$ cat upload.txt   # compact mmCIF, N, CA and C atoms
# COMPACT_ATOMS: atom_id res chain seq x y z
N MET E 1 18.39 47.62 -89.72
CA MET E 1 19.19 46.64 -90.42
C MET E 1 20.44 47.33 -90.96
N ARG E 2 21.59 46.72 -90.80
CA ARG E 2 22.83 47.34 -91.25
C ARG E 2 23.13 47.00 -92.69
N THR E 3 23.92 47.83 -93.32
CA THR E 3 24.36 47.60 -94.69
C THR E 3 25.48 46.58 -94.68
N ILE E 4 25.41 45.62 -95.56
CA ILE E 4 26.46 44.61 -95.66
C ILE E 4 27.50 45.10 -96.65
N GLY E 5 28.76 45.06 -96.25
CA GLY E 5 29.85 45.53 -97.09
C GLY E 5 30.10 44.64 -98.28
N LYS E 6 30.87 45.13 -99.25
CA LYS E 6 31.15 44.40 -100.49
C LYS E 6 31.80 43.04 -100.21
N MET E 7 32.80 43.00 -99.31
CA MET E 7 33.46 41.74 -99.02
C MET E 7 32.47 40.74 -98.45
N GLU E 8 31.56 41.20 -97.60
CA GLU E 8 30.59 40.30 -97.02
C GLU E 8 29.65 39.75 -98.08
N LYS E 9 29.25 40.58 -99.04
CA LYS E 9 28.37 40.11 -100.10
C LYS E 9 29.06 39.06 -100.95
N GLU E 10 30.34 39.24 -101.21
CA GLU E 10 31.07 38.32 -102.07
C GLU E 10 31.49 37.04 -101.36
N THR E 11 31.86 37.14 -100.09
CA THR E 11 32.40 35.98 -99.39
C THR E 11 31.49 35.43 -98.31
N GLY E 12 30.53 36.22 -97.85
CA GLY E 12 29.67 35.78 -96.76
C GLY E 12 30.28 36.00 -95.39
N ILE E 13 31.47 36.59 -95.33
CA ILE E 13 32.10 36.87 -94.04
C ILE E 13 32.61 38.30 -94.02
N CYS E 14 32.76 38.85 -92.85
CA CYS E 14 33.19 40.23 -92.72
C CYS E 14 34.71 40.33 -92.77
N PRO E 15 35.25 41.54 -93.04
CA PRO E 15 36.70 41.69 -93.16
C PRO E 15 37.49 41.19 -91.96
N SER E 16 37.00 41.40 -90.75
CA SER E 16 37.76 40.96 -89.57
C SER E 16 37.82 39.44 -89.48
N GLN E 17 36.84 38.75 -90.07
CA GLN E 17 36.86 37.30 -90.06
C GLN E 17 37.60 36.74 -91.26
N GLN E 18 37.81 37.56 -92.29
CA GLN E 18 38.49 37.07 -93.49
C GLN E 18 39.87 36.51 -93.14
N ASN E 19 40.65 37.24 -92.34
CA ASN E 19 41.97 36.75 -91.95
C ASN E 19 41.85 35.44 -91.18
N ARG E 20 40.82 35.34 -90.36
CA ARG E 20 40.62 34.14 -89.55
C ARG E 20 40.35 32.92 -90.41
N PHE E 21 39.69 33.12 -91.56
CA PHE E 21 39.30 32.00 -92.40
C PHE E 21 40.22 31.77 -93.59
N ASP E 22 41.18 32.66 -93.86
CA ASP E 22 42.04 32.52 -95.03
C ASP E 22 42.76 31.17 -95.07
N PHE E 23 43.22 30.67 -93.93
CA PHE E 23 43.97 29.42 -93.93
C PHE E 23 43.11 28.23 -94.33
N TRP E 24 41.78 28.37 -94.25
CA TRP E 24 40.90 27.27 -94.67
C TRP E 24 41.07 26.97 -96.15
N LEU E 25 41.36 28.00 -96.94
CA LEU E 25 41.44 27.83 -98.39
C LEU E 25 42.49 26.81 -98.81
N ARG E 26 43.53 26.65 -98.00
CA ARG E 26 44.59 25.68 -98.33
C ARG E 26 44.12 24.24 -98.24
N PHE E 27 43.00 24.01 -97.58
CA PHE E 27 42.56 22.64 -97.32
C PHE E 27 41.30 22.27 -98.07
N ARG E 28 40.99 23.02 -99.13
CA ARG E 28 39.83 22.70 -99.97
C ARG E 28 40.20 21.58 -100.94
N ASN E 29 39.26 20.67 -101.17
CA ASN E 29 39.49 19.65 -102.19
C ASN E 29 38.98 20.16 -103.54
N ASP E 30 38.98 19.33 -104.56
CA ASP E 30 38.59 19.75 -105.91
C ASP E 30 37.14 20.21 -105.99
N ASP E 31 36.30 19.74 -105.08
CA ASP E 31 34.90 20.15 -105.06
C ASP E 31 34.69 21.44 -104.29
N GLY E 32 35.76 21.99 -103.72
CA GLY E 32 35.64 23.22 -102.95
C GLY E 32 35.26 23.00 -101.51
N LEU E 33 35.10 21.74 -101.10
CA LEU E 33 34.76 21.45 -99.72
C LEU E 33 36.02 21.22 -98.90
N LEU E 34 35.88 21.36 -97.62
CA LEU E 34 37.01 21.16 -96.73
C LEU E 34 37.39 19.68 -96.73
N GLY E 35 38.62 19.38 -97.13
CA GLY E 35 39.06 18.00 -97.22
C GLY E 35 39.94 17.61 -96.05
N LEU E 36 39.48 17.84 -94.83
CA LEU E 36 40.32 17.57 -93.66
C LEU E 36 40.70 16.10 -93.54
N ASN E 37 39.75 15.22 -93.79
CA ASN E 37 40.04 13.80 -93.62
C ASN E 37 41.06 13.33 -94.64
N ASP E 38 40.97 13.83 -95.88
CA ASP E 38 41.89 13.42 -96.93
C ASP E 38 43.30 13.97 -96.72
N ARG E 39 43.39 15.15 -96.12
CA ARG E 39 44.68 15.83 -96.02
C ARG E 39 45.13 15.98 -94.57
N ALA E 40 44.66 15.13 -93.71
CA ALA E 40 44.96 15.26 -92.29
C ALA E 40 46.46 15.22 -92.00
N LYS E 41 47.22 14.49 -92.83
CA LYS E 41 48.66 14.41 -92.61
C LYS E 41 49.34 15.76 -92.82
N GLU E 42 48.72 16.64 -93.62
CA GLU E 42 49.29 17.96 -93.88
C GLU E 42 49.00 18.95 -92.76
N LEU E 43 48.09 18.62 -91.89
CA LEU E 43 47.69 19.55 -90.84
C LEU E 43 48.65 19.47 -89.66
N THR E 44 49.36 20.53 -89.42
CA THR E 44 50.20 20.59 -88.24
C THR E 44 49.30 20.73 -87.02
N PRO E 45 49.81 20.44 -85.83
CA PRO E 45 48.98 20.64 -84.63
C PRO E 45 48.44 22.07 -84.52
N TRP E 46 49.22 23.06 -84.93
CA TRP E 46 48.76 24.46 -84.86
C TRP E 46 47.57 24.67 -85.78
N ILE E 47 47.64 24.17 -87.01
CA ILE E 47 46.53 24.32 -87.96
C ILE E 47 45.31 23.56 -87.46
N GLN E 48 45.51 22.37 -86.92
CA GLN E 48 44.38 21.61 -86.38
C GLN E 48 43.67 22.42 -85.31
N LYS E 49 44.43 23.04 -84.41
CA LYS E 49 43.83 23.84 -83.35
C LYS E 49 43.09 25.05 -83.91
N LYS E 50 43.64 25.69 -84.94
CA LYS E 50 43.02 26.87 -85.53
C LYS E 50 41.72 26.51 -86.26
N ILE E 51 41.61 25.31 -86.78
CA ILE E 51 40.39 24.88 -87.46
C ILE E 51 39.39 24.32 -86.45
N LEU E 52 39.85 23.47 -85.55
CA LEU E 52 38.93 22.75 -84.68
C LEU E 52 38.49 23.52 -83.44
N TYR E 53 39.34 24.42 -82.94
CA TYR E 53 39.04 25.06 -81.65
C TYR E 53 39.27 26.57 -81.69
N ASN E 54 38.93 27.24 -82.80
CA ASN E 54 39.29 28.65 -82.91
C ASN E 54 38.49 29.59 -82.01
N CYS E 55 37.47 29.10 -81.33
CA CYS E 55 36.74 29.92 -80.36
C CYS E 55 37.12 29.59 -78.91
N CYS E 56 37.91 28.56 -78.72
CA CYS E 56 38.29 28.13 -77.38
C CYS E 56 39.50 28.92 -76.89
N HIS E 57 39.61 29.05 -75.58
CA HIS E 57 40.74 29.76 -74.97
C HIS E 57 42.05 29.13 -75.43
N ARG E 58 42.90 29.96 -76.03
CA ARG E 58 44.20 29.53 -76.56
C ARG E 58 44.09 28.37 -77.56
N ALA E 59 42.90 28.26 -78.17
CA ALA E 59 42.63 27.21 -79.17
C ALA E 59 42.90 25.81 -78.60
N ASN E 60 42.59 25.63 -77.32
CA ASN E 60 42.78 24.33 -76.69
C ASN E 60 41.49 23.52 -76.74
N GLU E 61 41.64 22.22 -76.88
CA GLU E 61 40.49 21.32 -76.90
C GLU E 61 39.74 21.40 -75.58
N PRO E 62 38.41 21.51 -75.64
CA PRO E 62 37.64 21.61 -74.40
C PRO E 62 37.50 20.26 -73.70
N ASP E 63 36.99 20.30 -72.49
CA ASP E 63 36.68 19.09 -71.73
C ASP E 63 35.31 18.60 -72.22
N TRP E 64 35.31 17.58 -73.08
CA TRP E 64 34.08 17.12 -73.71
C TRP E 64 33.07 16.57 -72.72
N THR E 65 33.51 16.14 -71.54
CA THR E 65 32.59 15.54 -70.57
C THR E 65 31.59 16.56 -70.02
N GLN E 66 31.85 17.85 -70.22
CA GLN E 66 30.94 18.90 -69.74
C GLN E 66 29.70 19.05 -70.62
N PHE E 67 29.78 18.53 -71.86
CA PHE E 67 28.74 18.78 -72.85
C PHE E 67 27.82 17.58 -73.03
N SER E 68 26.54 17.87 -73.35
CA SER E 68 25.59 16.81 -73.66
C SER E 68 25.57 16.51 -75.16
N HIS E 69 25.83 17.55 -75.98
CA HIS E 69 25.86 17.38 -77.43
C HIS E 69 26.51 18.60 -78.07
N LEU E 70 26.73 18.52 -79.38
CA LEU E 70 27.26 19.64 -80.16
C LEU E 70 26.15 20.19 -81.04
N GLU E 71 26.25 21.47 -81.39
CA GLU E 71 25.26 22.12 -82.23
C GLU E 71 25.97 22.92 -83.32
N ILE E 72 25.37 22.97 -84.50
CA ILE E 72 25.82 23.87 -85.56
C ILE E 72 24.77 24.97 -85.67
N GLY E 73 25.23 26.21 -85.60
CA GLY E 73 24.31 27.34 -85.69
C GLY E 73 24.81 28.39 -86.67
N GLY E 74 23.87 29.07 -87.33
CA GLY E 74 24.20 30.15 -88.24
C GLY E 74 24.42 31.45 -87.49
N CYS E 75 25.44 32.21 -87.89
CA CYS E 75 25.82 33.43 -87.19
C CYS E 75 26.03 34.59 -88.16
N VAL E 76 25.92 35.80 -87.63
CA VAL E 76 26.29 37.01 -88.36
C VAL E 76 27.12 37.89 -87.44
N ASN E 77 27.89 38.77 -88.04
CA ASN E 77 28.66 39.76 -87.29
C ASN E 77 27.92 41.09 -87.41
N LEU E 78 27.45 41.61 -86.29
CA LEU E 78 26.67 42.84 -86.28
C LEU E 78 27.51 44.08 -85.98
N ALA E 79 28.83 43.95 -86.04
CA ALA E 79 29.70 45.10 -85.78
C ALA E 79 29.50 46.16 -86.87
N GLU E 80 29.85 47.38 -86.53
CA GLU E 80 29.74 48.48 -87.48
C GLU E 80 30.54 48.18 -88.75
N GLU E 81 29.99 48.56 -89.89
CA GLU E 81 30.69 48.36 -91.16
C GLU E 81 32.04 49.04 -91.13
N GLY E 82 33.07 48.33 -91.60
CA GLY E 82 34.43 48.85 -91.64
C GLY E 82 35.20 48.65 -90.35
N SER E 83 34.54 48.16 -89.32
CA SER E 83 35.19 47.94 -88.03
C SER E 83 35.95 46.63 -88.04
N ASP E 84 37.06 46.58 -87.29
CA ASP E 84 37.78 45.33 -87.10
C ASP E 84 37.24 44.55 -85.91
N GLU E 85 36.27 45.13 -85.23
CA GLU E 85 35.65 44.48 -84.07
C GLU E 85 34.63 43.45 -84.55
N THR E 86 34.25 42.57 -83.66
CA THR E 86 33.18 41.63 -83.96
C THR E 86 32.09 41.74 -82.91
N CYS E 87 30.88 41.53 -83.33
CA CYS E 87 29.71 41.46 -82.45
C CYS E 87 28.86 40.33 -83.01
N VAL E 88 29.17 39.12 -82.61
CA VAL E 88 28.57 37.93 -83.21
C VAL E 88 27.21 37.66 -82.57
N GLU E 89 26.26 37.36 -83.43
CA GLU E 89 24.92 36.98 -82.99
C GLU E 89 24.55 35.68 -83.68
N GLY E 90 24.09 34.72 -82.93
CA GLY E 90 23.70 33.43 -83.48
C GLY E 90 22.21 33.34 -83.69
N GLY E 91 21.76 32.16 -84.09
CA GLY E 91 20.34 31.91 -84.27
C GLY E 91 19.82 32.23 -85.66
N TYR E 92 20.70 32.33 -86.66
CA TYR E 92 20.28 32.68 -88.01
C TYR E 92 20.08 31.43 -88.86
N ASP E 93 19.14 31.53 -89.79
CA ASP E 93 18.91 30.46 -90.76
C ASP E 93 20.13 30.33 -91.66
N ARG E 94 20.28 29.17 -92.25
CA ARG E 94 21.41 28.89 -93.12
C ARG E 94 21.57 29.93 -94.24
N ASP E 95 20.47 30.33 -94.84
CA ASP E 95 20.52 31.28 -95.96
C ASP E 95 20.92 32.69 -95.53
N ASP E 96 20.68 33.03 -94.28
CA ASP E 96 20.97 34.38 -93.78
C ASP E 96 22.30 34.47 -93.04
N ALA E 97 22.90 33.34 -92.72
CA ALA E 97 24.13 33.32 -91.93
C ALA E 97 25.33 33.75 -92.76
N GLN E 98 26.27 34.44 -92.12
CA GLN E 98 27.54 34.81 -92.75
C GLN E 98 28.60 33.75 -92.50
N PHE E 99 28.46 33.01 -91.41
CA PHE E 99 29.36 31.91 -91.07
C PHE E 99 28.64 31.01 -90.09
N PHE E 100 29.27 29.92 -89.70
CA PHE E 100 28.62 28.92 -88.86
C PHE E 100 29.51 28.57 -87.68
N ALA E 101 28.88 28.43 -86.53
CA ALA E 101 29.62 28.07 -85.31
C ALA E 101 29.21 26.67 -84.87
N ILE E 102 30.19 25.97 -84.33
CA ILE E 102 29.90 24.71 -83.65
C ILE E 102 29.97 25.00 -82.16
N TYR E 103 28.88 24.71 -81.48
CA TYR E 103 28.77 24.96 -80.05
C TYR E 103 28.77 23.64 -79.29
N GLY E 104 29.30 23.68 -78.08
CA GLY E 104 29.12 22.60 -77.14
C GLY E 104 28.00 23.01 -76.21
N ARG E 105 26.96 22.17 -76.11
CA ARG E 105 25.84 22.46 -75.19
C ARG E 105 26.15 21.82 -73.85
N TYR E 106 26.35 22.67 -72.84
CA TYR E 106 26.63 22.17 -71.50
C TYR E 106 25.45 21.39 -70.96
N LYS E 107 25.71 20.45 -70.10
CA LYS E 107 24.65 19.67 -69.47
C LYS E 107 23.75 20.55 -68.62
N THR E 108 24.25 21.72 -68.22
CA THR E 108 23.47 22.67 -67.43
C THR E 108 22.56 23.53 -68.30
N GLY E 109 22.71 23.46 -69.64
CA GLY E 109 21.80 24.16 -70.53
C GLY E 109 22.42 25.25 -71.39
N HIS E 110 23.43 25.95 -70.89
CA HIS E 110 24.03 27.01 -71.70
C HIS E 110 25.01 26.40 -72.71
N CYS E 111 25.50 27.23 -73.62
CA CYS E 111 26.41 26.69 -74.63
C CYS E 111 27.66 27.54 -74.74
N GLU E 112 28.66 26.96 -75.38
CA GLU E 112 29.94 27.63 -75.60
C GLU E 112 30.39 27.35 -77.03
N ALA E 113 30.84 28.41 -77.71
CA ALA E 113 31.34 28.23 -79.07
C ALA E 113 32.67 27.47 -79.03
N ILE E 114 32.76 26.45 -79.85
CA ILE E 114 33.98 25.66 -79.96
C ILE E 114 34.82 26.19 -81.13
N THR E 115 34.17 26.39 -82.29
CA THR E 115 34.89 26.86 -83.47
C THR E 115 33.93 27.53 -84.44
N ASP E 116 34.44 28.45 -85.23
CA ASP E 116 33.69 29.09 -86.31
C ASP E 116 34.18 28.53 -87.64
N CYS E 117 33.24 28.36 -88.56
CA CYS E 117 33.54 27.81 -89.88
C CYS E 117 32.93 28.72 -90.94
N PRO E 118 33.61 28.91 -92.07
CA PRO E 118 33.11 29.84 -93.08
C PRO E 118 31.84 29.38 -93.80
N THR E 119 31.60 28.06 -93.91
CA THR E 119 30.41 27.57 -94.60
C THR E 119 29.76 26.45 -93.77
N PHE E 120 28.50 26.17 -94.10
CA PHE E 120 27.80 25.09 -93.43
C PHE E 120 28.48 23.75 -93.72
N GLU E 121 28.92 23.57 -94.95
CA GLU E 121 29.60 22.32 -95.33
C GLU E 121 30.88 22.13 -94.53
N ASP E 122 31.63 23.23 -94.31
CA ASP E 122 32.84 23.16 -93.50
C ASP E 122 32.48 22.77 -92.06
N ALA E 123 31.42 23.35 -91.54
CA ALA E 123 30.99 23.03 -90.17
C ALA E 123 30.66 21.55 -90.05
N CYS E 124 30.01 21.00 -91.07
CA CYS E 124 29.68 19.57 -91.04
C CYS E 124 30.94 18.71 -91.08
N ALA E 125 31.93 19.11 -91.90
CA ALA E 125 33.19 18.37 -91.98
C ALA E 125 33.94 18.43 -90.66
N VAL E 126 33.96 19.60 -90.04
CA VAL E 126 34.64 19.74 -88.74
C VAL E 126 33.90 18.95 -87.67
N TYR E 127 32.57 18.97 -87.71
CA TYR E 127 31.81 18.19 -86.74
C TYR E 127 32.22 16.72 -86.77
N LEU E 128 32.40 16.14 -87.97
CA LEU E 128 32.76 14.73 -88.06
C LEU E 128 34.06 14.44 -87.31
N ILE E 129 34.99 15.37 -87.37
CA ILE E 129 36.26 15.21 -86.64
C ILE E 129 36.02 15.37 -85.15
N LEU E 130 35.24 16.40 -84.77
CA LEU E 130 34.97 16.63 -83.35
C LEU E 130 34.16 15.49 -82.74
N GLN E 131 33.28 14.89 -83.54
CA GLN E 131 32.48 13.78 -83.04
C GLN E 131 33.37 12.59 -82.69
N LYS E 132 34.40 12.35 -83.51
CA LYS E 132 35.33 11.26 -83.21
C LYS E 132 36.09 11.53 -81.93
N LYS E 133 36.44 12.80 -81.70
CA LYS E 133 37.18 13.16 -80.49
C LYS E 133 36.29 13.15 -79.25
N SER E 134 35.04 13.60 -79.41
CA SER E 134 34.17 13.81 -78.26
C SER E 134 33.15 12.71 -78.02
N GLY E 135 32.74 12.01 -79.09
CA GLY E 135 31.68 11.03 -78.96
C GLY E 135 30.30 11.64 -78.81
N LEU E 136 30.18 12.95 -79.04
CA LEU E 136 28.92 13.67 -78.82
C LEU E 136 28.07 13.72 -80.08
N PRO E 137 26.75 13.62 -79.92
CA PRO E 137 25.84 13.74 -81.07
C PRO E 137 25.71 15.20 -81.50
N LEU E 138 25.08 15.39 -82.65
CA LEU E 138 24.93 16.73 -83.24
C LEU E 138 23.47 17.11 -83.35
N THR E 139 23.19 18.40 -83.09
CA THR E 139 21.90 19.00 -83.39
C THR E 139 22.17 20.16 -84.32
N VAL E 140 21.51 20.20 -85.48
CA VAL E 140 21.66 21.31 -86.42
C VAL E 140 20.58 22.33 -86.11
N MET E 141 21.00 23.54 -85.80
CA MET E 141 20.09 24.59 -85.36
C MET E 141 19.76 25.58 -86.47
N CYS E 142 20.28 25.38 -87.66
CA CYS E 142 20.04 26.35 -88.74
C CYS E 142 19.59 25.64 -90.01
$ encode --input "upload.txt" --output "structure tokens"
Amino acid sequence: MRTIGKMEKETGICPSQQNRFDFWLRFRNDDGLLGLNDRAKELTPWIQKKILYNCCHRANEPDWTQFSHLEIGGCVNLAEEGSDETCVEGGYDRDDAQFFAIYGRYKTGHCEAITDCPTFEDACAVYLILQKKSGLPLTVMC
């Protein structure tokens, strides 16, 4: 088992992901949750892509017809402490996860990460937006 760094203990995410998630802080509502629906007019297309599709090639929206459903899963970064690299592993319970990924489950059975979210609540908020775009149901895996 690896030692979790100070930043990870305080934020739940590793230093290399901190930069990736910093822009999320601008879109928190008074309750600390992601207020995408309330502040959608403030989201430029670039910010929308960075929130909704940050795991997709060039942050482009995927072809939703390839997927049977979407999944939220708990993830950790197993990279060496202090490294800027990532080694993401999924399948973690909510309490043990450092961040959460939304996956598209292909009709053939395998899955692809669509976006990473810093908290489970953020993943649920993003799913609601992706569900409107894709029409796909959700399975929570954590």
$ atom_distance --input "upload.txt" --atom1 "atom C of E:Ser83" --atom2 "atom C of E:Asp122"
24.4 Å
$ closest_residue --input "upload.txt" --among "E:Lys50, E:Arg94, E:Lys133, E:Arg105" --to "E:Cys75" --atoms "all atoms listed in the file"
E:Arg94
$ closest_residue --input "upload.txt" --among "E:Thr86, E:Thr108, E:Asn54, E:Gln48" --to "E:Ser68" --atoms "all atoms listed in the file"
E:Thr108
$ atom_distance --input "upload.txt" --atom1 "atom N of E:Phe120" --atom2 "atom C of E:Phe99"
6.3 Å
$ atom_distance --input "upload.txt" --atom1 "atom C of E:Gly74" --atom2 "atom N of E:Met141"
8.8 Å
$ residues_around --input "upload.txt" --residues "E:Gly73" --least-positions-apart "4" --cutoff "7 Å" --atoms "all atoms listed in the file" --output "MDAnalysis selection string"
chainID E and resid 90:92 99:103 139:142
